[in-house]
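Below is one structure, written out as structure tokens, with a few remarks after it.
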Amino acid sequence: MADRPVPVIEKRLMDVKLGELGTWLGGRDFTPNGLLSAVRRGHDRYYNKYINVKKGGIGGIAMVLVGYVALSYLWEYDHIKHDRWRKYH
């Protein structure tokens with residue numbers, strides 16, 4: 001028995017073809033409540049995949065830490081760039 005086709009609006013972003021992208025974006029909920037629930041779903045998926053596992057390691061925490069370090073470097077890049085060209089003598 002073949003699976004029934006899934007409507008474009010219910011597909012995940014990685015499953016959407018390029019021609020269906022406009023229809024898929026049109027079906028998204030861009031209200032503040034919709035965006036908040038999308039962030040909450042993303043956090044839940046991340047937590048269940050990397051943090052809340054039986055045999056876990058430090059992978060999930062390390063990813064958050066690396067993301068924080070990269071983001072803080074990007075925020076401070078202008079300051080770091082100016083310090084690089086200073087002469088201290």
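For the structure tokens, the naming scheme is as follows: chains receive sequential letters (A, B, ...) according to their order of presentation, residues are indexed from 1 within each chain, and ligands are indexed from 1 in presentation order.
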
| message | Please extract the residues of chain A with a backbone DSSP assignment of alpha helix (DSSP H) and present them as an MDAnalysis selection string. | response | chainID A and resid 21:26 32:46 59:75 77:84

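We find atom CA of Val64 of chain A and atom CA of Pro32 of chain A to be spaced 24.9 Å apart.
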
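If you look at atom CA of Val8 of chain A and atom CA of Leu35 of chain A, they are 19.2 Å away from each other.
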
| task | Give me the residues within 12 Å of segment 39-46 of chain A as a ChimeraX atom specification, counting only C-alpha atoms and dropping any in the same chain fewer than 2 places off. | result | /A:30,32-37,48-53,59-61,63-64

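Atom to atom, atom CA of Gly27 of chain A and atom CA of Met14 of chain A stand 15.4 Å apart.
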